[in-house]
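Colleague: Structure file final23.txt (compact mmCIF, C-alpha atoms) right here:
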# COMPACT_ATOMS: atom_id res chain seq x y z
CA GLN P 165 -6.61 -12.38 2.77
CA TYR P 166 -4.30 -12.93 -0.22
CA THR P 167 -3.44 -16.61 0.11
CA HIS P 168 -2.57 -17.34 -3.53
CA LEU P 169 -0.10 -14.59 -4.33
CA LEU P 170 2.09 -14.88 -7.39
CA LYS P 171 5.83 -14.46 -7.00
CA PRO P 172 7.13 -11.06 -8.22
CA GLY P 173 9.30 -10.99 -11.36
CA THR P 174 8.19 -14.47 -12.46
CA THR P 175 6.84 -15.72 -15.79
CA TYR P 176 3.75 -17.91 -15.53
CA PHE P 177 2.26 -20.11 -18.26
CA LEU P 178 -1.47 -20.83 -18.51
CA ARG P 179 -3.49 -23.19 -20.62
CA SER P 180 -7.21 -23.67 -20.23
CA TYR P 181 -8.87 -27.00 -20.75
CA LEU P 182 -12.32 -28.56 -20.75
CA ILE P 183 -13.34 -32.13 -20.10
CA THR P 184 -16.54 -33.08 -21.89
CA GLU P 185 -19.21 -35.39 -20.52
CA ASN P 186 -17.65 -38.12 -22.70
CA ASN P 187 -14.35 -37.62 -20.83
CA ILE P 188 -12.66 -35.96 -23.83
CA SER P 189 -10.13 -33.23 -23.02
CA VAL P 190 -10.06 -30.08 -25.14
CA TYR P 191 -7.19 -27.62 -24.63
CA GLY P 192 -6.92 -23.90 -25.37
CA ASN P 193 -3.80 -22.05 -26.45
CA GLU P 194 -0.99 -21.61 -23.99
CA VAL P 195 -0.50 -18.01 -22.83
CA SER P 196 2.12 -16.50 -20.55
CA PHE P 197 2.56 -13.38 -18.44
CA THR P 198 5.30 -12.00 -16.23
CA THR P 199 4.57 -10.36 -12.89
CA LEU P 200 6.27 -7.05 -12.11
CA PRO P 201 9.23 -7.43 -9.78
CA VAL P 202 9.24 -5.62 -6.45
CA GLY P 203 11.21 -2.42 -6.87
CA TYR P 204 10.16 -2.03 -10.52
CA LEU P 205 8.97 1.46 -11.49
CA GLY P 206 5.18 1.63 -11.59
CA GLN P 207 2.92 3.72 -13.82
CA GLY P 208 3.23 6.76 -11.55
CA GLY P 209 7.03 6.55 -11.31
CA GLY P 210 6.98 4.96 -7.85
CA LEU P 211 8.42 1.64 -6.68
CA VAL P 212 6.17 -1.42 -6.92
CA PHE P 213 5.95 -3.05 -3.50
CA PHE P 214 3.06 -5.49 -3.92
CA ASP P 215 1.54 -7.72 -6.61
CA LYS P 216 -1.70 -9.41 -5.53
CA GLY P 217 -1.63 -11.71 -8.57
CA ASN P 218 -4.85 -10.56 -10.27
CA SER P 219 -6.66 -7.38 -11.23
CA ASN P 220 -9.85 -8.01 -9.24
CA GLY P 221 -11.16 -4.71 -7.93
CA GLY P 222 -9.48 -2.81 -10.77
CA TRP P 223 -5.88 -3.07 -9.56
CA GLN P 224 -3.08 -5.60 -9.28
CA TYR P 225 -0.05 -3.63 -8.08
CA LEU P 226 0.72 -1.12 -5.35
CA GLU P 227 3.49 1.42 -5.86
CA MET P 228 5.04 3.89 -3.41
CA SER P 229 6.21 7.38 -4.39
CA LEU P 230 9.97 7.88 -4.36
CA ILE P 231 9.90 10.87 -2.00
CA ASP P 232 8.31 12.02 1.25
CA GLN P 233 5.76 14.81 0.94
CA LEU P 234 6.90 17.85 2.90
CA PRO P 235 6.25 19.45 5.29
CA THR P 236 5.35 16.73 7.79
CA ARG P 237 1.66 16.61 8.74
CA PRO P 238 -0.62 15.48 11.57
CA TRP P 239 -2.90 12.47 11.13
CA GLY P 240 -5.75 14.88 11.93
CA CYS P 241 -9.26 14.69 13.39
CA GLU P 242 -8.21 14.18 17.01
CA GLY P 243 -10.96 12.64 19.12
CA VAL P 244 -13.00 11.45 16.12
CA SER P 245 -13.04 7.78 15.19
CA MET P 246 -13.03 7.29 11.41
CA GLY P 247 -13.72 3.55 11.34
CA VAL P 248 -10.95 2.89 8.82
CA SER P 249 -9.34 -0.49 8.04
CA ASN P 250 -5.86 -1.95 8.52
CA SER P 251 -6.08 -4.30 5.52
CA VAL P 252 -4.18 -4.44 2.24
CA GLY P 253 -6.30 -2.85 -0.48
CA MET P 254 -8.04 -0.43 1.90
CA GLY P 255 -5.66 2.56 1.91
CA ALA P 256 -7.54 4.40 -0.86
CA GLN P 257 -10.90 3.94 0.86
CA ASN P 258 -9.42 4.96 4.22
CA THR P 259 -7.97 8.11 2.65
CA GLY P 260 -11.35 9.01 1.15
CA ILE P 261 -13.09 8.56 4.51
CA ILE P 262 -10.56 10.77 6.28
CA VAL P 263 -10.59 13.49 3.59
CA ASN P 264 -14.42 13.57 3.52
CA ASN P 265 -14.73 13.82 7.30
CA CYS P 266 -11.82 16.01 8.37
CA ASP P 267 -11.42 19.61 7.22
CA GLN P 268 -7.84 20.34 8.27
CA MET P 269 -4.70 19.81 6.17
CA HIS P 270 -3.63 16.35 7.32
CA ALA P 271 -1.57 13.42 6.05
CA ALA P 272 -4.41 11.82 4.07
CA ARG P 273 -5.30 15.08 2.30
CA VAL P 274 -1.68 15.63 1.27
CA CYS P 275 -1.80 12.27 -0.54
CA SER P 276 -5.28 12.82 -1.96
CA ASP P 277 -4.32 16.24 -3.39
CA LEU P 278 -1.06 14.96 -4.90
CA ASN P 279 -0.45 14.96 -8.66
CA LEU P 280 2.78 13.06 -9.24
CA GLY P 281 4.08 11.16 -12.27
CA GLY P 282 1.01 12.23 -14.22
CA LYS P 283 -1.25 10.44 -11.69
CA ASN P 284 -3.67 12.00 -9.21
CA ASP P 285 -4.93 8.85 -7.46
CA TRP P 286 -2.35 8.69 -4.66
CA PHE P 287 -3.44 7.78 -1.14
CA LEU P 288 -2.11 7.27 2.38
CA PRO P 289 -1.33 3.55 2.80
CA SER P 290 -3.12 1.39 5.36
CA ARG P 291 -1.16 -0.25 8.19
CA ASP P 292 -0.88 -3.58 6.34
CA GLU P 293 0.12 -1.85 3.10
CA MET P 294 2.88 -0.05 5.02
CA ASN P 295 3.99 -3.40 6.42
CA LEU P 296 4.43 -4.63 2.83
CA ILE P 297 6.58 -1.55 2.16
CA LEU P 298 8.72 -2.54 5.15
CA LYS P 299 9.06 -6.18 4.08
CA ASN P 300 9.41 -5.72 0.32
CA LEU P 301 11.25 -2.40 0.01
CA ALA P 302 12.81 -1.06 3.21
CA GLU P 303 14.29 -4.39 4.37
CA ASN P 304 15.88 -4.72 0.90
CA GLY P 305 17.41 -1.23 1.00
CA LEU P 306 14.85 0.23 -1.42
CA GLY P 307 12.63 3.31 -1.18
CA GLN P 308 14.84 5.70 0.79
CA LEU P 309 12.53 5.65 3.82
CA THR P 310 14.78 7.87 5.89
CA SER P 311 12.30 9.48 8.31
CA ASN P 312 11.83 7.87 11.70
CA PHE P 313 8.03 7.65 11.59
CA TYR P 314 5.42 7.63 8.78
CA TRP P 315 1.66 7.96 9.11
CA THR P 316 -0.69 5.31 7.72
CA SER P 317 -4.41 5.77 6.98
CA SER P 318 -5.26 3.31 9.78
CA GLU P 319 -6.30 4.34 13.27
CA TYR P 320 -5.12 3.10 16.62
CA HIS P 321 -8.17 4.66 18.31
CA ALA P 322 -10.05 8.00 18.25
CA LEU P 323 -7.08 9.92 19.68
CA SER P 324 -4.28 8.07 17.90
CA GLY P 325 -3.42 7.28 14.32
CA THR P 326 -1.28 4.32 13.33
CA GLY P 327 2.20 5.06 12.10
CA TYR P 328 5.19 3.06 11.02
CA CYS P 329 8.82 3.23 11.98
CA PHE P 330 11.37 1.85 9.51
CA SER P 331 14.62 2.38 11.36
CA SER P 332 16.36 1.39 14.56
CA SER P 333 16.10 5.02 15.73
CA CYS P 334 12.31 5.13 16.17
CA PRO P 335 10.68 7.82 18.34
CA PRO P 336 10.85 7.21 22.10
CA PHE P 337 8.83 4.19 23.32
CA PHE P 338 8.35 2.83 19.79
CA SER P 339 9.91 -0.14 18.07
CA LYS P 340 10.36 -0.95 14.40
CA GLY P 341 6.94 -1.61 12.85
CA SER P 342 3.49 -0.15 13.50
CA SER P 343 2.27 1.68 16.58
CA GLY P 344 -0.27 4.29 17.63
CA HIS P 345 0.62 7.92 18.20
CA ASN P 346 -1.29 11.12 18.96
CA LYS P 347 -3.16 12.30 15.84
CA GLY P 348 -1.98 15.87 16.41
CA TYR P 349 1.72 15.05 16.11
CA THR P 350 3.36 15.74 12.77
CA TYR P 351 5.14 12.91 10.97
CA SER P 352 6.26 12.03 7.47
CA VAL P 353 3.93 11.12 4.64
CA ARG P 354 4.76 8.66 1.83
CA PRO P 355 1.91 8.31 -0.72
CA VAL P 356 1.07 5.11 -2.59
CA ARG P 357 -1.27 4.22 -5.44
CA ALA P 358 -2.86 1.13 -6.96
CA PHE P 359 -2.86 0.19 -10.64
I need this file expressed as structure tokens, please.
Modeller:
Amino acid sequence: QYTHLLKPGTTYFLRSYLITENNISVYGNEVSFTTLPVGYLGQGGGLVFFDKGNSNGGWQYLEMSLIDQLPTRPWGCEGVSMGVSNSVGMGAQNTGIIVNNCDQMHAARVCSDLNLGGKNDWFLPSRDEMNLILKNLAENGLGQLTSNFYWTSSEYHALSGTGYCFSSSCPPFFSKGSSGHNKGYTYSVRPVRAF
């Protein structure tokens, strides 16, 4: 989906130009910008784990809170399919769908109700957003993801939510990465937000 990503922590230089019908080139002023490096503190005090390279859709960066939200929570809504997405950029929408269709106190609601770092737009990350946390933070020793299993806002099916394991000591029958688990089981919650 994001095939032209910019490299984190890099300065880019831009200069627009126009070629007229008479084949004359006209150049604009050169401008530059620097992308936020992965691990940089975001607007809500969390760690930046993704830069999509542009602000289309009203956001460019994803940041993860520095702490788990306790106590652990179930995914919720056992037996009900929410029709949520796995994709990067869909965690906020997934969280809204779950919160609007499930009354109990569950992982998505914990994130949705959170006010942290002066921001109240936190959400439960999608499966692919959590994979970026693994690749860009956890595998570089960042983020203090110490729990064995974290919920995402993605579903495995109507009875199972998708979670993520970051360590070599994952729950029984699970390996490092994403997998489905019963929605009623309680696991850790790590909110993220877009800006």
Colleague: Out of P:His321, P:Trp315, P:Val212, P:Cys334, which residue has the shortest atom-to-atom distance to Leu296 of chain P when counting only C-alpha atoms?
Modeller: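 Of all the options, P:Val212 lies closest to Leu296 of chain P.
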Colleague: Which residues come within 12 Å of Ser324 of chain P, counting all atoms listed in the file, excluding same-chain residues fewer than 6 positions away, as a PyMOL selection string?
Modeller: chain P and resi 238-246+315-318+343-350
Colleague: I'd like to know which of P:Tyr181, P:Tyr191, P:Tyr314, P:Tyr320 is closest to Ser249 of chain P, using only C-alpha atoms.
Modeller: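 Closest to Ser249 of chain P, using only C-alpha atoms: P:Tyr320.
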Colleague: Determine the nearest neighbour of Gly247 of chain P from the options P:Gly260, P:Gly210, P:Pro235, P:Pro355, counting only C-alpha atoms.
Modeller: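 For Gly247 of chain P, the nearest of the candidates is P:Gly260.
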Colleague: Applying 12 Å and all atoms listed in the file, which residues near Arg357 of chain P remain after dropping the ones on its own chain fewer than 5 positions away? List them as a count of residues only.
Modeller: 39
Colleague: If I take atom CA of Ser180 of chain P and atom CA of Asn193 of chain P, how far is one from the other in Å, to one decimal?
Modeller: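 Between atom CA of Ser180 of chain P and atom CA of Asn193 of chain P the gap is 7.3 Å.
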Colleague: By how many Å are atom CA of Ala272 of chain P and atom CA of Phe330 of chain P apart?
Modeller: 19.4 Å
Colleague: How far is it from atom CA of Asp215 of chain P to atom CA of Ser196 of chain P, in Å with one decimal?
Modeller: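 Here the two named atoms are 16.5 Å from each other.
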Colleague: Report as a list in words all protein, DNA and RNA residues lying within 10 Å of Leu298 of chain P, evaluated on all atoms listed in the file, omitting residues in the same chain fewer than 2 positions from it.
Modeller: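 Contacts, with the query itself left out: Phe213, Asp292, Glu293, Met294, Asn295, Leu296, Asn300, Leu301, Ala302, Glu303, Asn304, Gly305, Leu306, Gly307, Leu309, Tyr328, Cys329, Phe330, Ser331, Lys340 and Gly341 of chain P.
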